[in-house]
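A.B. asks: Before I ask anything, let me first share the structure, which is written out below as structure tokens.
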Amino acid sequence: MGGSGADFFGDAGRDPTETFAALHRQRMLLESLAGSVDVASTRFAHTADGAGAGTPGWRSPAQRHFSGQLQGLQGELRRVRRELDDALTAVEHAIATLVAKP
């Protein structure tokens with residue numbers, strides 16, 4: 001990332017008020033997306049609990065494959081959530097940097 005909030009967008013000449021507003025919108029969008037990922041992750045967790053490998057009713061190859069696919073999706077959702085957290089941290093740092101400027 002760059003040294004200022006404006007550098008975050010690659011536009012050091014942008015008005016700081018516009019940059020702050022854009023960063024705020026970006027943060028709100030990232031938070032909303034993170035919330036959606038959390039909801040999806042919870043839904044997959046509940047589905048996987050019912051379709052888990054340890055569930056005696058899930059014995060056919062297709063059912064075990066389905067369970068494995070759910071576990072893979074859960075892993076992907078965890079990875080996406082970590083990346084969203086990193087993006088949120090970067091945006092919050094850019095906002096703090098912009099606010100700290102005289």
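Residue numbering restarts at 1 in every chain; chains get A, B, ... in the order shown in the structure tokens, and ligands count up from 1 in that same order.
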Please report, as a tab-separated table, each residue of region 17-48 of chain A lying at most 7 Å from region 81-96 of chain A, together with the nearest pair of atoms and the separation in Å rounded to one decimal; use only C-alpha atoms, and order rows by chain and ascending residue number.

C.D. replies:
residue	atom	partner	partner_atom	distance
A:Phe20	CA	A:Ile95	CA	6.6
A:Leu23	CA	A:Val91	CA	6.4
A:Arg27	CA	A:Leu88	CA	6.2
A:Leu30	CA	A:Leu88	CA	6.5
A:Ala34	CA	A:Arg81	CA	6.3
A:Val37	CA	A:Arg81	CA	6.7

A.B. asks: If we count only C-alpha atoms, what is near region 70-72 of chain A at a cut-off of 8 Å, once residues fewer than 4 positions away on the same chain are taken out, given as a PDB file with C-alpha atoms, in the first residue's frame?

C.D. replies:
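New file out09.pdb:
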ATOM      1  CA  PHE A  44     -22.512 -24.535   4.911  1.00  0.00           C
ATOM      2  CA  THR A  47     -25.416 -28.398   6.021  1.00  0.00           C
ATOM      3  CA  ALA A  48     -22.087 -30.126   6.518  1.00  0.00           C
ATOM      4  CA  PHE A  66     -20.967 -34.187  -1.388  1.00  0.00           C
ATOM      5  CA  GLU A  76     -12.663 -21.513   0.563  1.00  0.00           C
TER       6      GLU A  76
END
